[in-house]
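First comes the structure, then the notes that go with it.
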Amino acid sequence: MLAMNEIIALPKGDTGDVRPIGIGNTYRKIASKVVYNKLSAACAAKGFFYSDVLQGRFSRKDGYCDEGEPFQKTQHASSVCGIETIVHLTNMALSMPGVPPLDLYTIDARNAFNQVDRLEGLLQAAHIDRGCLPLIRAMYLEESSSAFYGCEDGVRTITSRAGFHQGDVLGSLMFCISAQPLINHICESVMQHFPEAAAAKTVKINFYVDDGTFVAPHDVMKHIIELLQDADLQRRFGYILNPAKGAYLLGRCPNREQAHERMDSLIHLGLAPDIIRMHPDNELVTADGGLDEARRSDVERLYGAKVLGSYVGSDAYISAQLR
């Protein structure tokens, strides 16, 4: 009974596609809410969504701390004002005084919510609070069924073997719990290979459910992309990077040649050229080394990215998006 879920098809933006949203039966909603309350409280008490590798401005206690606090929250979906926090942290990181310009990458994953490994989530939930496991297991351990009543031939049943049901009260939390080991792995790898960048707090890794926002030096960012493209990690977590979507802002480089080299290195990693934006100060450099100021307003209007429904980037870009 708990594994069964009624779904409806809602339009997915202006793409012409639909998104299956579960509405669930009453017993499942009650069970999901009970588990959510208990599991989210346990996650908060244990600091499950914090990294003790990368230093940041967050602590387990009250959300903010001194500069020396060795904890950074990496998953903000369970936070009050989590979206606003990520947007402000991203803006702060991009304008840090005395720090070389950093790159920004807002990533898009292919159908991540429906691809994540359920077993990983159950294992993590058992580690956090074993008392929640029986109800989660009843909903997600085995194949679960979704009933769609909108077919011309009546009810159609869809079998689900991976991911969590969109619309389930517990769905987003279980996704976050399932993906957190991947986020921790990225943090640990960055610390291992780029300890100076991590110590200087120039690496910011923030997620809101499956939407990741990274701010980091260029070499660190390439390393993160390579990790997200690792076949073993993709099989384990079901988090598959979509290189044709998202947005990548290159930080300002000393010269146009280096900016082009960095852009080429990202394209070599598989990122689509049209999601990469060169910094206006590099884009406007002419053949004789001057600046084509006549094009500045047009170029600056393109230098920015959408982060969880808000906008970051040049003032001209943000103004253009808000009109």
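Each chain in the structure tokens gets a letter, A, B, ..., in the order shown, and its residues are numbered from 1; ligands are numbered from 1 in order too.
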
For this session: Quick one: pick out all alpha helix (DSSP H) residues within region 11-194 of chain A from a backbone DSSP run and write them as number ranges by chain.
Result: A: 26-46, 82-94, 112-115, 118-128, 133-140, 171-193

Problem set entry | Residue neighbourhood Gly309 (chain A), 10 Å, only C-alpha atoms, exclusion window fewer than 4 positions, as a ChimeraX atom specification | /A:83-84,87,305

For this session: Please give the complete set of residues from region 16-170 of chain A that DSSP, run on the backbone, assigns to strand (DSSP E), formatted as a list in words.
Result: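 Result set for region 16-170 of chain A (strand (DSSP E)): Val18, Arg19, Pro20, Ile21, Gly22, Tyr50, Ser51, Gln72, Lys73, Asp103, Leu104, Tyr105, Thr106, Ser144, Ser145, Ser146, Ala147, Phe148, Tyr149, Gly150, Cys151, Gly154, Val155, Arg156, Thr157, Ile158, Thr159 and Ser160 of chain A.
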
Kindly assemble as a Markdown table a list of the region 66-136 of chain A residues that lie within 10 Å of region 199-204 of chain A, each paired with its nearest atom pair and their distance in Å to one decimal, using only C-alpha atoms, sorted first by chain and then by ascending residue number.
| residue | atom | partner | partner_atom | distance |
| --- | --- | --- | --- | --- |
| A:Glu67 | CA | A:Lys201 | CA | 9.6 |
| A:Pro70 | CA | A:Ala199 | CA | 9.7 |
| A:Gln72 | CA | A:Lys204 | CA | 8.7 |
| A:Lys73 | CA | A:Lys204 | CA | 9.7 |
| A:Thr74 | CA | A:Lys204 | CA | 8.4 |
| A:Ile86 | CA | A:Lys204 | CA | 9.7 |
| A:Leu89 | CA | A:Lys204 | CA | 8.2 |
| A:Thr90 | CA | A:Lys204 | CA | 7.7 |
| A:Ala93 | CA | A:Thr202 | CA | 7.2 |
| A:Leu94 | CA | A:Thr202 | CA | 9.2 |
| A:Met96 | CA | A:Thr202 | CA | 8.6 |
| A:Val99 | CA | A:Thr202 | CA | 7.7 |
| A:Pro100 | CA | A:Thr202 | CA | 9.0 |
| A:Pro101 | CA | A:Thr202 | CA | 9.6 |
| A:Leu102 | CA | A:Thr202 | CA | 7.7 |
| A:Asp103 | CA | A:Val203 | CA | 9.8 |
| A:Leu104 | CA | A:Lys204 | CA | 9.5 |

Residue selection dump (C-alpha atoms) as a PDB file, in the first residue's frame:
ATOM      1  CA  GLU A  67      35.775  32.837   9.852  1.00  0.00           C
ATOM      2  CA  PRO A  70      35.694  24.485   9.913  1.00  0.00           C
ATOM      3  CA  GLN A  72      30.358  24.526   5.503  1.00  0.00           C
ATOM      4  CA  LYS A  73      26.811  23.556   4.708  1.00  0.00           C
ATOM      5  CA  THR A  74      26.660  21.986   1.253  1.00  0.00           C
ATOM      6  CA  ILE A  86      22.898  30.097  -1.928  1.00  0.00           C
ATOM      7  CA  LEU A  89      26.826  33.110  -0.896  1.00  0.00           C
ATOM      8  CA  THR A  90      27.449  32.943  -4.637  1.00  0.00           C
ATOM      9  CA  ALA A  93      32.189  34.481  -3.367  1.00  0.00           C
ATOM     10  CA  LEU A  94      32.367  36.177  -6.761  1.00  0.00           C
ATOM     11  CA  MET A  96      35.646  38.438  -2.451  1.00  0.00           C
ATOM     12  CA  VAL A  99      41.092  36.940  -4.269  1.00  0.00           C
ATOM     13  CA  PRO A 100      41.895  36.147  -7.919  1.00  0.00           C
ATOM     14  CA  PRO A 101      38.743  36.034 -10.091  1.00  0.00           C
ATOM     15  CA  LEU A 102      36.807  32.790  -9.703  1.00  0.00           C
ATOM     16  CA  ASP A 103      34.681  30.750 -12.108  1.00  0.00           C
ATOM     17  CA  LEU A 104      30.996  30.023 -11.569  1.00  0.00           C
TER      18      LEU A 104
END

For this session: May I ask for the distance between CA of Leu228 (chain A) and CA of Ile136 (chain A), given in Å to one decimal place?
Result: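 Going from CA of Leu228 (chain A) over to CA of Ile136 (chain A), I get 27.6 Å.
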
For this session: With a distance cut-off of 9 Å and only C-alpha atoms, select the neighbouring residues of Pro243 (chain A), excluding the residue or stretch itself and same-chain residues fewer than 5 positions from it, and output the selection as an MDAnalysis selection string.
Result: chainID A and resid 107:109 269:272 275

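Rounded to one decimal, CA of Leu119 (chain A) and CA of Gln166 (chain A) lie 17.3 Å from each other.
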
For this session: Name the residues in contact with Cys43 (chain A) at a cut-off of 9 Å, using only C-alpha atoms, excluding same-chain residues fewer than 4 positions from it; report them as a VMD selection string.
Result: chain A and resid 38 to 39 47 to 49 128 to 129 177

Just N, CA, C and O atoms for this one: save the residues we selected as a PDB file, in the first residue's frame.
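again_7.pdb, freshly written:
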ATOM      1  N   LYS A  38      11.011  13.115  11.607  1.00  0.00           N
ATOM      2  CA  LYS A  38      12.010  12.422  12.428  1.00  0.00           C
ATOM      3  C   LYS A  38      13.387  12.439  11.771  1.00  0.00           C
ATOM      4  O   LYS A  38      14.393  12.712  12.420  1.00  0.00           O
ATOM      5  N   LEU A  39      13.419  12.194  10.467  1.00  0.00           N
ATOM      6  CA  LEU A  39      14.692  12.093   9.758  1.00  0.00           C
ATOM      7  C   LEU A  39      15.354  13.461   9.584  1.00  0.00           C
ATOM      8  O   LEU A  39      16.576  13.586   9.729  1.00  0.00           O
ATOM      9  N   GLY A  47      24.396  17.200  11.900  1.00  0.00           N
ATOM     10  CA  GLY A  47      25.123  17.985  10.911  1.00  0.00           C
ATOM     11  C   GLY A  47      25.373  17.209   9.634  1.00  0.00           C
ATOM     12  O   GLY A  47      26.435  17.343   9.017  1.00  0.00           O
ATOM     13  N   PHE A  48      24.393  16.416   9.204  1.00  0.00           N
ATOM     14  CA  PHE A  48      24.604  15.509   8.076  1.00  0.00           C
ATOM     15  C   PHE A  48      24.916  16.255   6.781  1.00  0.00           C
ATOM     16  O   PHE A  48      25.682  15.776   5.953  1.00  0.00           O
ATOM     17  N   PHE A  49      24.342  17.440   6.588  1.00  0.00           N
ATOM     18  CA  PHE A  49      24.522  18.160   5.333  1.00  0.00           C
ATOM     19  C   PHE A  49      25.664  19.170   5.380  1.00  0.00           C
ATOM     20  O   PHE A  49      25.738  20.075   4.552  1.00  0.00           O
ATOM     21  N   ILE A 128      21.569   7.395   9.772  1.00  0.00           N
ATOM     22  CA  ILE A 128      21.125   8.613  10.461  1.00  0.00           C
ATOM     23  C   ILE A 128      20.149   8.288  11.582  1.00  0.00           C
ATOM     24  O   ILE A 128      20.285   8.764  12.713  1.00  0.00           O
ATOM     25  N   ASP A 129      19.133   7.490  11.265  1.00  0.00           N
ATOM     26  CA  ASP A 129      18.112   7.133  12.259  1.00  0.00           C
ATOM     27  C   ASP A 129      17.471   5.810  11.835  1.00  0.00           C
ATOM     28  O   ASP A 129      16.587   5.788  10.976  1.00  0.00           O
ATOM     29  N   ILE A 177      19.661  13.072   0.979  1.00  0.00           N
ATOM     30  CA  ILE A 177      20.413  12.099   1.774  1.00  0.00           C
ATOM     31  C   ILE A 177      21.195  11.155   0.859  1.00  0.00           C
ATOM     32  O   ILE A 177      22.350  10.813   1.142  1.00  0.00           O
TER      33      ILE A 177
END

Exercise. Any idea what's packed within 10 Å of Asp211 (chain A), counting only C-alpha atoms, ignoring anything in its chain fewer than 6 positions away? Could you give it as an NGL selection string?
Worked result: :A and (75 or 77 or 106-109 or 112 or 246 or 307-308)

Using the selection just defined, write its residues with C-alpha atoms as a short mmCIF file (atom, residue, chain, number, x, y, z; two decimals), in the first residue's frame.
data_model
loop_
_atom_site.label_atom_id
_atom_site.label_comp_id
_atom_site.auth_asym_id
_atom_site.auth_seq_id
_atom_site.Cartn_x
_atom_site.Cartn_y
_atom_site.Cartn_z
CA GLN A 75 22.96 21.03 0.94
CA ALA A 77 17.15 22.24 0.72
CA THR A 106 25.55 26.19 -12.25
CA ILE A 107 25.12 22.55 -13.20
CA ASP A 108 22.23 20.64 -14.65
CA ALA A 109 21.89 16.88 -14.20
CA ALA A 112 18.62 13.32 -11.39
CA GLY A 246 23.48 25.08 -17.03
CA VAL A 307 20.89 30.68 -9.87
CA LEU A 308 17.79 29.05 -8.39
#
